[in-house]
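Chemist: You'll find structure_15.csv just under this line, and it carries CSV, C-alpha atoms and all ligand atoms.
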chain,number,residue,atom,x,y,z
A,1,MET,CA,107.7,113.0,121.4
A,2,ARG,CA,108.9,110.8,118.6
A,3,PHE,CA,106.2,112.2,116.3
A,4,ASP,CA,107.4,115.7,117.0
A,5,GLU,CA,110.9,114.6,116.3
A,6,ARG,CA,110.0,113.0,113.0
A,7,GLN,CA,107.9,116.0,111.9
A,8,LYS,CA,110.9,118.2,112.7
A,9,LYS,CA,113.0,116.2,110.3
A,10,ILE,CA,110.4,116.7,107.6
A,11,ARG,CA,110.5,120.4,108.2
A,12,GLN,CA,114.3,120.2,107.7
A,13,TYR,CA,113.6,118.3,104.4
A,14,ILE,CA,111.2,121.1,103.3
A,15,ASN,CA,113.8,123.7,104.0
A,16,ASP,CA,116.6,121.8,102.3
A,17,HIS,CA,114.5,121.3,99.2
A,18,ASN,CA,113.3,124.9,99.0
A,19,LEU,CA,109.7,123.9,99.6
A,20,ASP,CA,107.0,125.6,101.7
A,21,GLY,CA,105.3,122.3,102.5
A,22,LEU,CA,105.1,118.6,101.9
A,23,LEU,CA,101.8,116.8,101.2
A,24,VAL,CA,102.1,113.2,102.6
A,25,THR,CA,99.5,110.8,101.2
A,26,HIS,CA,101.0,107.4,101.7
A,27,LEU,CA,99.3,105.9,104.8
A,28,PRO,CA,102.4,104.2,106.3
A,29,ASN,CA,104.2,107.5,106.1
A,30,ILE,CA,101.2,109.3,107.7
A,31,ARG,CA,101.2,106.8,110.5
A,32,TYR,CA,104.9,107.2,111.0
A,33,LEU,CA,104.7,111.0,111.2
A,34,THR,CA,101.5,111.3,113.2
A,35,GLY,CA,100.5,108.0,114.9
A,36,PHE,CA,97.3,107.8,112.9
A,37,THR,CA,96.1,104.2,112.5
A,38,GLY,CA,93.1,104.8,110.3
A,39,SER,CA,92.8,104.3,106.5
A,40,ALA,CA,92.0,107.7,105.0
A,41,ALA,CA,93.9,110.9,105.5
A,42,MET,CA,96.4,113.3,104.0
A,43,VAL,CA,99.0,115.3,106.0
A,44,LEU,CA,100.4,118.7,105.0
A,45,VAL,CA,103.6,119.5,106.8
A,46,THR,CA,104.7,123.2,106.6
A,47,GLU,CA,107.5,125.0,108.2
A,48,SER,CA,105.4,125.9,111.3
A,49,GLU,CA,102.5,123.5,111.3
A,50,THR,CA,101.2,120.0,110.6
A,51,PHE,CA,97.7,119.9,109.1
A,52,PHE,CA,96.0,116.5,109.5
A,53,ILE,CA,93.3,116.3,106.8
A,54,THR,CA,90.7,113.6,107.2
A,55,ASP,CA,87.0,113.0,106.7
A,56,ALA,CA,84.1,112.6,109.1
A,57,ARG,CA,84.8,108.9,109.6
A,58,TYR,CA,88.1,109.6,111.2
A,59,VAL,CA,87.9,113.0,112.9
A,60,THR,CA,87.3,111.7,116.4
A,61,GLN,CA,90.0,109.1,116.1
A,62,ALA,CA,92.4,111.6,114.7
A,63,GLU,CA,91.8,114.1,117.5
A,64,ARG,CA,92.7,111.3,119.9
A,65,GLU,CA,95.7,109.8,118.1
A,66,VAL,CA,97.3,112.3,116.0
A,67,ARG,CA,100.1,114.9,116.5
A,68,GLY,CA,98.9,117.8,114.4
A,69,ARG,CA,96.0,120.1,113.7
A,70,VAL,CA,93.0,118.1,112.5
A,71,VAL,CA,91.2,119.6,109.5
A,72,LYS,CA,87.9,118.0,108.4
A,73,VAL,CA,87.2,117.3,104.8
A,74,GLU,CA,83.7,118.7,104.0
A,75,ASN,CA,83.5,117.7,100.3
A,76,THR,CA,86.6,116.2,98.8
A,77,TYR,CA,90.2,115.7,99.8
A,78,PRO,CA,91.6,117.8,96.9
A,79,GLU,CA,89.3,120.6,97.8
A,80,THR,CA,90.3,120.7,101.4
A,81,VAL,CA,94.0,120.3,100.6
A,82,GLY,CA,93.6,123.2,98.1
A,83,GLU,CA,91.9,125.4,100.8
A,84,THR,CA,94.6,124.6,103.4
A,85,VAL,CA,97.4,125.3,101.0
A,86,THR,CA,95.8,128.6,100.1
A,87,GLN,CA,95.1,129.7,103.7
A,88,ALA,CA,98.6,128.8,104.7
A,89,ARG,CA,99.9,130.9,101.8
A,90,LEU,CA,102.1,128.1,100.5
A,91,ARG,CA,103.7,128.4,97.1
A,92,ARG,CA,105.9,125.4,96.5
A,93,VAL,CA,104.4,122.2,97.9
A,94,GLY,CA,106.1,118.8,97.5
A,95,PHE,CA,104.0,115.7,96.9
A,96,GLU,CA,104.9,112.1,97.1
A,97,SER,CA,105.2,111.2,93.5
A,98,PRO,CA,105.4,107.4,93.9
A,99,HIS,CA,102.1,107.4,95.9
A,100,MET,CA,99.8,109.6,93.9
A,101,THR,CA,97.9,108.6,90.8
A,102,HIS,CA,97.7,110.9,87.8
A,103,LYS,CA,94.0,111.3,88.5
A,104,GLN,CA,94.5,112.4,92.2
A,105,LEU,CA,97.1,114.8,91.1
A,106,ARG,CA,94.9,116.4,88.4
A,107,ALA,CA,92.1,116.8,91.0
A,108,LEU,CA,94.6,118.6,93.3
A,109,PHE,CA,95.8,120.9,90.5
A,110,ASP,CA,92.2,121.7,89.6
A,111,ARG,CA,91.3,122.7,93.2
A,112,THR,CA,94.4,124.8,93.9
A,113,PRO,CA,94.6,128.3,92.5
A,114,GLU,CA,97.7,129.7,90.9
A,115,PRO,CA,100.5,130.4,91.7
A,116,VAL,CA,100.8,127.2,93.8
A,117,LEU,CA,103.3,124.8,92.4
A,118,PHE,CA,103.2,121.2,93.3
A,119,VAL,CA,106.7,119.6,93.1
A,120,PRO,CA,107.3,115.9,92.8
A,121,THR,CA,109.4,114.4,95.6
A,122,GLU,CA,110.4,110.8,96.5
A,123,GLY,CA,111.5,109.1,99.6
A,124,ALA,CA,111.4,112.0,102.1
A,125,VAL,CA,109.6,110.0,104.8
A,126,GLU,CA,110.8,106.6,103.6
A,127,SER,CA,114.5,107.6,104.2
A,128,LEU,CA,113.6,108.5,107.8
A,129,ARG,CA,111.7,105.3,108.2
A,130,MET,CA,114.8,103.3,107.1
A,131,VAL,CA,116.5,103.9,110.4
A,132,LYS,CA,114.4,102.4,113.2
A,133,ASP,CA,114.2,103.7,116.7
A,134,PRO,CA,114.3,101.3,119.7
A,135,GLU,CA,110.5,101.2,120.1
A,136,GLU,CA,110.1,100.2,116.4
A,137,ILE,CA,112.7,97.5,116.8
A,138,GLN,CA,110.8,96.2,119.8
A,139,ALA,CA,107.6,96.2,117.8
A,140,ILE,CA,109.2,94.3,115.0
A,141,ARG,CA,110.8,91.9,117.5
A,142,ARG,CA,107.4,91.1,119.0
A,143,ALA,CA,105.9,90.4,115.6
A,144,VAL,CA,108.9,88.2,114.5
A,145,GLU,CA,108.8,86.2,117.8
A,146,MET,CA,105.1,85.6,117.6
A,147,THR,CA,105.4,84.4,114.1
A,148,SER,CA,108.2,82.0,115.0
A,149,GLU,CA,106.4,80.6,118.0
A,150,VAL,CA,103.3,79.8,116.1
A,151,PHE,CA,105.2,78.5,113.1
A,152,GLU,CA,107.3,76.1,115.2
A,153,GLU,CA,104.1,74.6,116.7
A,154,PHE,CA,102.4,74.5,113.3
A,155,VAL,CA,105.2,72.8,111.3
A,156,GLN,CA,104.2,69.3,112.4
A,157,GLU,CA,100.9,69.8,110.5
A,158,ILE,CA,102.9,69.5,107.2
A,159,LYS,CA,102.2,65.9,106.2
A,160,PRO,CA,101.8,64.0,102.9
A,161,GLY,CA,98.3,64.3,101.6
A,162,VAL,CA,97.4,67.7,103.2
A,163,ARG,CA,96.5,70.5,100.8
A,164,GLU,CA,98.8,73.5,100.8
A,165,ARG,CA,95.8,75.8,101.0
A,166,ASP,CA,94.5,74.0,104.2
A,167,LEU,CA,98.0,74.4,105.8
A,168,ALA,CA,98.0,78.1,105.0
A,169,VAL,CA,94.5,78.5,106.5
A,170,GLU,CA,95.6,76.6,109.6
A,171,LEU,CA,98.7,78.7,110.0
A,172,GLU,CA,96.7,82.0,109.6
A,173,TYR,CA,94.1,80.8,112.1
A,174,ARG,CA,96.8,80.1,114.7
A,175,LEU,CA,98.5,83.4,114.1
A,176,ARG,CA,95.3,85.3,114.4
A,177,ARG,CA,94.3,83.4,117.6
A,178,ARG,CA,97.7,84.3,119.1
A,179,GLY,CA,97.1,88.0,118.5
A,180,ALA,CA,98.3,88.9,115.0
A,181,ASP,CA,96.3,91.8,113.6
A,182,LYS,CA,96.5,90.4,110.2
A,183,LEU,CA,99.0,88.7,107.8
A,184,SER,CA,101.5,91.0,106.2
A,185,PHE,CA,101.1,89.1,102.8
A,186,ASP,CA,99.4,86.0,101.5
A,187,ILE,CA,101.1,82.9,103.1
A,188,ILE,CA,103.3,81.0,100.7
A,189,ILE,CA,103.2,77.2,101.1
A,190,ALA,CA,104.9,75.8,98.1
A,191,SER,CA,105.6,72.1,98.0
A,192,GLY,CA,107.4,69.7,95.6
A,193,GLU,CA,107.9,71.2,92.2
A,194,ARG,CA,106.0,74.3,93.3
A,195,SER,CA,108.7,75.1,95.8
A,196,ALA,CA,110.7,76.3,92.8
A,197,LEU,CA,108.2,79.2,92.5
A,198,PRO,CA,109.7,82.0,94.6
A,199,HIS,CA,106.1,83.3,95.2
A,200,GLY,CA,104.1,80.1,95.2
A,201,ILE,CA,101.0,81.2,97.1
A,202,ALA,CA,99.4,78.2,98.7
A,203,SER,CA,97.4,76.2,96.1
A,204,ASP,CA,95.1,73.1,96.0
A,205,LYS,CA,98.1,70.9,95.6
A,206,ARG,CA,98.6,68.1,98.2
A,207,ILE,CA,101.9,67.8,100.1
A,208,ASP,CA,104.1,65.0,98.7
A,209,ARG,CA,107.7,64.0,99.2
A,210,GLY,CA,110.2,66.9,98.8
A,211,PHE,CA,110.7,70.4,99.9
A,212,VAL,CA,108.0,72.7,101.3
A,213,VAL,CA,108.8,76.4,101.3
A,214,CYS,CA,106.8,78.2,103.9
A,215,ASP,CA,106.9,82.0,103.9
A,216,VAL,CA,104.8,83.9,106.4
A,217,GLY,CA,104.5,87.3,108.1
A,218,ILE,CA,102.1,89.1,110.3
A,219,VAL,CA,101.3,92.7,111.3
A,220,LEU,CA,101.3,93.4,115.1
A,221,ASP,CA,100.8,96.9,116.4
A,222,GLY,CA,101.4,98.2,112.9
A,223,TYR,CA,104.8,96.5,112.4
A,224,CYS,CA,105.5,93.5,110.2
A,225,SER,CA,107.3,90.2,110.4
A,226,ASP,CA,108.5,88.0,107.5
A,227,MET,CA,110.1,84.6,107.7
A,228,SER,CA,110.8,81.7,105.4
A,229,ARG,CA,111.7,78.1,106.4
A,230,THR,CA,112.0,75.2,104.0
A,231,VAL,CA,111.3,71.7,105.4
A,232,HIS,CA,111.6,68.4,103.7
A,233,VAL,CA,108.9,65.7,103.6
A,234,GLY,CA,110.5,62.3,103.5
A,235,ASN,CA,114.2,61.5,103.4
A,236,PRO,CA,116.1,64.1,101.4
A,237,ASP,CA,118.4,62.7,98.7
A,238,SER,CA,122.0,64.0,98.3
A,239,ARG,CA,121.0,66.8,95.9
A,240,ALA,CA,118.3,68.1,98.3
A,241,ARG,CA,120.8,68.1,101.1
A,242,GLU,CA,123.4,69.9,99.0
A,243,ILE,CA,120.9,72.6,97.8
A,244,TYR,CA,119.7,73.2,101.4
A,245,ASP,CA,123.3,73.4,102.7
A,246,ILE,CA,124.3,75.9,100.0
A,247,VAL,CA,121.3,78.2,100.8
A,248,LEU,CA,122.0,78.0,104.5
A,249,SER,CA,125.7,78.7,104.1
A,250,ALA,CA,124.8,81.8,101.9
A,251,GLN,CA,122.3,83.0,104.5
A,252,LEU,CA,124.7,82.5,107.4
A,253,ASN,CA,127.6,84.1,105.5
A,254,CYS,CA,125.4,87.2,105.0
A,255,GLU,CA,124.1,87.4,108.6
A,256,GLN,CA,127.6,87.0,110.0
A,257,HIS,CA,129.4,89.6,107.8
A,258,LEU,CA,126.9,92.4,107.1
A,259,CYS,CA,127.1,95.6,109.1
A,260,GLY,CA,125.8,99.2,109.0
A,261,GLY,CA,127.2,101.4,106.3
A,262,MET,CA,127.8,98.7,103.8
A,263,LYS,CA,126.5,99.1,100.3
A,264,SER,CA,123.3,97.2,99.5
A,265,GLN,CA,125.1,95.5,96.7
A,266,ALA,CA,127.9,94.4,99.0
A,267,ILE,CA,125.4,92.8,101.4
A,268,ASP,CA,123.7,91.2,98.5
A,269,ALA,CA,127.1,89.8,97.3
A,270,LEU,CA,127.4,88.0,100.7
A,271,THR,CA,124.7,85.6,99.7
A,272,ARG,CA,125.1,85.6,95.9
A,273,GLU,CA,128.8,84.8,95.9
A,274,VAL,CA,128.4,81.7,98.0
A,275,ILE,CA,125.6,80.4,95.8
A,276,ALA,CA,127.5,81.2,92.6
A,277,GLU,CA,130.7,79.6,93.8
A,278,ARG,CA,128.9,76.4,94.3
A,279,GLY,CA,127.4,76.5,90.8
A,280,TYR,CA,123.8,77.6,91.3
A,281,GLY,CA,124.1,81.3,90.6
A,282,GLU,CA,121.6,81.2,87.8
A,283,TYR,CA,119.0,79.6,90.0
A,284,TYR,CA,119.0,82.5,92.5
A,285,ALA,CA,116.9,85.1,90.7
A,286,HIS,CA,115.9,87.5,93.4
A,287,GLY,CA,117.5,90.0,95.7
A,288,THR,CA,118.9,89.1,99.2
A,289,GLY,CA,116.3,91.0,101.1
A,290,HIS,CA,114.4,94.1,101.9
A,291,GLY,CA,113.7,96.6,104.6
A,292,ILE,CA,110.8,95.8,106.9
A,293,GLY,CA,108.8,97.9,109.3
A,294,LEU,CA,105.4,99.5,108.9
A,295,GLU,CA,105.4,97.9,105.5
A,296,VAL,CA,106.6,94.4,104.8
A,297,HIS,CA,108.7,95.6,101.8
A,298,GLU,CA,110.3,99.0,102.4
A,299,ALA,CA,113.6,100.7,102.0
A,300,PRO,CA,116.4,99.7,101.8
A,301,ARG,CA,116.3,97.1,99.1
A,302,VAL,CA,119.2,94.7,99.2
A,303,SER,CA,119.9,93.4,95.8
A,304,LYS,CA,122.6,93.4,93.1
A,305,THR,CA,120.9,96.4,91.4
A,306,ALA,CA,120.1,98.4,94.5
A,307,ASP,CA,121.8,101.8,94.9
A,308,GLY,CA,123.0,103.2,98.2
A,309,GLN,CA,123.9,101.9,101.6
A,310,VAL,CA,122.2,100.1,104.4
A,311,PRO,CA,122.6,102.3,107.5
A,312,ALA,CA,123.0,101.0,111.1
A,313,GLY,CA,119.5,100.9,112.5
A,314,ALA,CA,117.9,99.5,109.4
A,315,VAL,CA,115.9,96.3,109.8
A,316,ILE,CA,116.2,94.0,106.8
A,317,THR,CA,115.4,90.4,105.7
A,318,VAL,CA,118.1,88.0,104.6
A,319,GLU,CA,116.5,85.5,102.3
A,320,PRO,CA,118.6,83.8,99.7
A,321,GLY,CA,117.1,80.9,97.7
A,322,ILE,CA,117.8,78.4,95.0
A,323,TYR,CA,115.0,77.4,92.7
A,324,LEU,CA,115.4,74.5,90.2
A,325,PRO,CA,112.4,74.5,87.8
A,326,GLY,CA,110.6,71.2,87.7
A,327,TRP,CA,112.5,70.0,90.7
A,328,GLY,CA,112.0,72.3,93.7
A,329,GLY,CA,113.5,75.1,95.7
A,330,VAL,CA,114.8,76.3,99.1
A,331,ARG,CA,114.5,79.7,100.7
A,332,ILE,CA,115.6,80.6,104.3
A,333,GLU,CA,114.6,84.0,105.6
A,334,ASP,CA,115.3,85.8,108.8
A,335,VAL,CA,114.7,89.4,110.0
A,336,VAL,CA,118.0,91.1,111.0
A,337,VAL,CA,118.7,94.4,112.8
A,338,VAL,CA,121.7,96.0,111.2
A,339,THR,CA,124.1,97.6,113.7
A,340,GLU,CA,127.3,99.5,113.5
A,341,THR,CA,129.4,96.4,113.9
A,342,GLY,CA,127.2,93.6,112.6
A,343,GLY,CA,123.7,92.2,112.6
A,344,GLU,CA,121.3,91.0,115.2
A,345,VAL,CA,119.1,88.1,114.0
A,346,LEU,CA,115.7,88.5,115.4
A,347,THR,CA,114.1,85.3,114.1
A,348,PRO,CA,114.7,82.6,116.7
A,349,THR,CA,113.4,79.6,114.6
A,350,PRO,CA,116.2,77.0,114.0
A,351,LYS,CA,117.6,76.6,110.5
A,352,ASP,CA,118.9,73.0,110.4
A,353,LEU,CA,117.1,71.0,107.8
A,354,MET,CA,113.9,69.8,109.3
A,355,ILE,CA,112.8,66.4,108.0
A,356,LEU,CA,109.1,65.6,108.5
A,401,ZN,ZN,109.1,86.3,103.2
A,402,ZN,ZN,110.8,88.8,102.6
Starting from the coordinates I provided, produce the structure as structure tokens.
Modeler:
Amino acid sequence: MRFDERQKKIRQYINDHNLDGLLVTHLPNIRYLTGFTGSAAMVLVTESETFFITDARYVTQAEREVRGRVVKVENTYPETVGETVTQARLRRVGFESPHMTHKQLRALFDRTPEPVLFVPTEGAVESLRMVKDPEEIQAIRRAVEMTSEVFEEFVQEIKPGVRERDLAVELEYRLRRRGADKLSFDIIIASGERSALPHGIASDKRIDRGFVVCDVGIVLDGYCSDMSRTVHVGNPDSRAREIYDIVLSAQLNCEQHLCGGMKSQAIDALTREVIAERGYGEYYAHGTGHGIGLEVHEAPRVSKTADGQVPAGAVITVEPGIYLPGWGGVRIEDVVVVTETGGEVLTPTPKDLMIL
């Protein structure tokens, strides 16, 4: 039912944009519209039909999983798309411009006779995906809770002398054992000075005194989680306590005051202003968060340069940080469901400074 509903909205988009069809090539969008979990397909949505174009490897799977008419690729995808467009007598077909390479597009033009016009579009499916339905929120909740449970057991493994890379491997192993399909990105374990690197993928460095930023997410039933916690090895000095306290205050201020319909920039300001007021604005060089769902980074972006609003029903991360080069950094990240009146924090892991 929900796939029919989603496809219906794309038909509305086609109508509104004066198109005869939309060619969807981005796999998360394909999954969202049809339920397909494989790794090669294109979907052509027209006013009256949904053509699911895939090759021999996925035909059986597609016939089982997919809402839409399965069309088998005999030679190449562009050729089959061209044939389908011609047979359906389409004239103006939208394509997903952020998700097509120039080469793919050329191949498509070459296989499609005149007078078909391919029209660049952007965000048709992504804007639907931004507002989650209850099943999606449940799927994200399960991924988030599994990540938290495993992380909370794992955290005691962080000790002086252990290599970051070994900790990341251990954490991944435990997540996979618990049932994660895979990681949603490479685990960040960044200790000491490296904790000042916002994307410090685990290295050969051994844990020493100081902060350790851990940022981890999984994919479970297609939906992603993403969490960061920063722990301190050894007793923190007053500056470390101060920095942690500022990041946590910024994070809580945002979680407590955001709500559906706010501008992205206004939500971002809820973290940024707290950090700036306490004198560390220049050390917070990334956005507050991002949408999360079938992809770990998806619409809406929440940053000082993002356009638009965050609608009720969006699921976003709230992840402010302070990073002092040569010293270290702190980031705290939860996943939050945005509602009409506020936000529901899904990540259950405590946020008081953990000293190991
Ligand atoms: Zn993260
Ligand atoms: Zn994140």
Chemist: Which residues of region 201-245 of chain A come within 12 Å of region 277-280 of chain A, and for each one, what is the closest pair of atoms and their distance in Å to one decimal, counting only C-alpha atoms, sorted by chain and residue number, as CSV?
Modeler:
residue,atom,partner,partner_atom,distance
A:Glu242,CA,A:Arg278,CA,9.7
A:Ile243,CA,A:Tyr280,CA,8.7
A:Tyr244,CA,A:Tyr280,CA,11.8
A:Asp245,CA,A:Arg278,CA,10.5
Chemist: Could the residues that lie within 9 Å of ligand ZN 402 (chain A), counting only C-alpha atoms and all ligand atoms, be listed as JSON, numbers by chain?
Modeler: {"A": [215, 216, 217, 225, 226, 227, 228, 288, 289, 290, 291, 292, 296, 297, 316, 317, 318, 319, 333, 334, 335]}
Chemist: From (105.1, 72.6, 98.8), in the file's coordinates, out to 10 Å: which residues are reached, counting all atoms listed in the file? Answer as a tab-separated table (two decimals) with C-alpha atoms, keeping the file's coordinate frame.
Modeler:
chain	number	residue	atom	x	y	z
A	158	ILE	CA	102.90	69.50	107.20
A	163	ARG	CA	96.50	70.50	100.80
A	164	GLU	CA	98.80	73.50	100.80
A	188	ILE	CA	103.30	81.00	100.70
A	189	ILE	CA	103.20	77.20	101.10
A	190	ALA	CA	104.90	75.80	98.10
A	191	SER	CA	105.60	72.10	98.00
A	192	GLY	CA	107.40	69.70	95.60
A	193	GLU	CA	107.90	71.20	92.20
A	194	ARG	CA	106.00	74.30	93.30
A	195	SER	CA	108.70	75.10	95.80
A	196	ALA	CA	110.70	76.30	92.80
A	197	LEU	CA	108.20	79.20	92.50
A	200	GLY	CA	104.10	80.10	95.20
A	201	ILE	CA	101.00	81.20	97.10
A	202	ALA	CA	99.40	78.20	98.70
A	203	SER	CA	97.40	76.20	96.10
A	205	LYS	CA	98.10	70.90	95.60
A	206	ARG	CA	98.60	68.10	98.20
A	207	ILE	CA	101.90	67.80	100.10
A	208	ASP	CA	104.10	65.00	98.70
A	209	ARG	CA	107.70	64.00	99.20
A	210	GLY	CA	110.20	66.90	98.80
A	211	PHE	CA	110.70	70.40	99.90
A	212	VAL	CA	108.00	72.70	101.30
A	213	VAL	CA	108.80	76.40	101.30
A	214	CYS	CA	106.80	78.20	103.90
A	230	THR	CA	112.00	75.20	104.00
A	231	VAL	CA	111.30	71.70	105.40
A	232	HIS	CA	111.60	68.40	103.70
A	233	VAL	CA	108.90	65.70	103.60
A	328	GLY	CA	112.00	72.30	93.70
A	329	GLY	CA	113.50	75.10	95.70
Chemist: Please list as a PDB file with C-alpha atoms, keeping the file's coordinate frame every residue within 12 Å of region 173-179 of chain A, counting all atoms listed in the file and excluding residues in the same chain fewer than 6 positions away.
Modeler:
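Contents of out.pdb, as written:
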ATOM      1  CA  ARG A 142     107.400  91.100 119.000  1.00  0.00           C
ATOM      2  CA  ALA A 143     105.900  90.400 115.600  1.00  0.00           C
ATOM      3  CA  VAL A 144     108.900  88.200 114.500  1.00  0.00           C
ATOM      4  CA  GLU A 145     108.800  86.200 117.800  1.00  0.00           C
ATOM      5  CA  MET A 146     105.100  85.600 117.600  1.00  0.00           C
ATOM      6  CA  THR A 147     105.400  84.400 114.100  1.00  0.00           C
ATOM      7  CA  SER A 148     108.200  82.000 115.000  1.00  0.00           C
ATOM      8  CA  GLU A 149     106.400  80.600 118.000  1.00  0.00           C
ATOM      9  CA  VAL A 150     103.300  79.800 116.100  1.00  0.00           C
ATOM     10  CA  PHE A 151     105.200  78.500 113.100  1.00  0.00           C
ATOM     11  CA  GLU A 152     107.300  76.100 115.200  1.00  0.00           C
ATOM     12  CA  GLU A 153     104.100  74.600 116.700  1.00  0.00           C
ATOM     13  CA  PHE A 154     102.400  74.500 113.300  1.00  0.00           C
ATOM     14  CA  VAL A 155     105.200  72.800 111.300  1.00  0.00           C
ATOM     15  CA  GLU A 157     100.900  69.800 110.500  1.00  0.00           C
ATOM     16  CA  ASP A 166      94.500  74.000 104.200  1.00  0.00           C
ATOM     17  CA  LEU A 167      98.000  74.400 105.800  1.00  0.00           C
ATOM     18  CA  ILE A 187     101.100  82.900 103.100  1.00  0.00           C
ATOM     19  CA  VAL A 216     104.800  83.900 106.400  1.00  0.00           C
ATOM     20  CA  GLY A 217     104.500  87.300 108.100  1.00  0.00           C
ATOM     21  CA  ILE A 218     102.100  89.100 110.300  1.00  0.00           C
ATOM     22  CA  VAL A 219     101.300  92.700 111.300  1.00  0.00           C
ATOM     23  CA  LEU A 220     101.300  93.400 115.100  1.00  0.00           C
ATOM     24  CA  ASP A 221     100.800  96.900 116.400  1.00  0.00           C
ATOM     25  CA  SER A 225     107.300  90.200 110.400  1.00  0.00           C
TER      26      SER A 225
END
Chemist: With all atoms listed in the file as the counted atoms, please give the residues lying no more than 8 Å from Tyr223 (chain A), apart from itself and same-chain residues fewer than 4 positions off, as a list of chain:residue names.
Modeler: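 Residues meeting the cut-off are A:Glu136, A:Ala139, A:Ile140, A:Ala143, A:Val219, A:Gly293, A:Leu294, A:Glu295.
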Chemist: For a quick check of understanding, using all atoms listed in the file, which of A:Pro236, A:Gly123, A:Gly82, A:Gly35 has the smallest distance to Ala62 (chain A)?
Modeler: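 The closest residue to Ala62 (chain A) is A:Gly35.
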Chemist: Which residues, written as a list in words, have at least one atom at most 9 Å from region 256-267 of chain A, with only C-alpha atoms counted and residues fewer than 5 positions away on the same chain left out?
Modeler: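 Once the nearby chain positions are removed, what remains is Gln251, Thr288, Pro300, Arg301, Val302, Ser303, Lys304, Thr305, Ala306, Asp307, Gly308, Gln309, Val310, Pro311, Ala312, Gly313, Ala314, Val338, Thr339, Glu340, Thr341, Gly342 and Gly343 of chain A.
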